[in-house]
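Only one structure is covered here, and it is reproduced in the block below.
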Amino acid sequence: MAVYIAGTVTVTNGSAVVTGSGTGFVAAGIVAGNIFTIRDSGVPYFVAAVDSATQIRLSAPYAGTTGSGKSYTLVSSFTTNKQLPLMSPGDVDTATIY
């Protein structure tokens, strides 16, 4: 798995806790070090811990707008040389090269 987007999340400005709904973080294999982004914000955060199927903690407090029902992206596969996200066919927002 390279990109995970199941369910939605609730984030609070100034808090590192992210609460999910329909997320299944544990079963999906989300781990510390994965990259979390609220879609359309473009601001990445590292996952510090996975507390449960519906809660993760970020390595820094969330600095965006507080809200619930937000779409997000978790990237969990990286290249070995530069630790860049590894894109796989079918990933969300994968660029098509012609």
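Identifiers for the structure tokens are assigned positionally: chains receive A, B, ... in sequence, residues are indexed from 1 per chain, and ligands are indexed from 1 in the order shown.
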Quiz prompt | Residues within 9 Å of segment 72-75 of chain A, only C-alpha atoms, excluding chain neighbours under 4 positions, as a ChimeraX atom specification | solution = /A:1-9,30,34-40,47,85-86,92
Exercise. Can you work out the spacing between atom CA of Ala27 of chain A and atom CA of Ile56 of chain A in Å, to one decimal?
Key: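 Calculated distance between atom CA of Ala27 of chain A and atom CA of Ile56 of chain A is 13.0 Å.
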Quiz item: In Å, with one decimal, what is the gap from atom CA of Ser59 of chain A to atom CA of Gly29 of chain A?
Solution: 17.9 Å
Exercise. Compare A:Thr10, A:Ser21, A:Gln55, A:Ala63 by their minimum atom-to-atom distance to Gly42 of chain A, counting only C-alpha atoms, and give me the closest one.
Key: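 Checking each candidate against Gly42 of chain A, we get A:Ala63 as the closest.
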Exercise. Using only C-alpha atoms, find the one residue out of A:Ala53, A:Ser76, A:Leu58, A:Thr65 that sits nearest to Phe25 of chain A.
Key: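 The answer is A:Ala53, which sits nearest to Phe25 of chain A.
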Exercise. Give the answer as one residue: which of A:Asn13, A:Thr66, A:Arg57, A:Ala48 has the shortest atom-to-atom distance to Ala32 of chain A, using only C-alpha atoms?
Key: A:Ala48
Quiz prompt | From A:Thr54, A:Val43, A:Tyr62, A:Lys70, residue lying nearest Thr23 of chain A [only C-alpha atoms] | solution = A:Thr54
Quiz item: What is the atom CA of Gly22 of chain A-atom CA of Gly67 of chain A distance in Å, reported with one decimal?
Solution: 16.2 Å
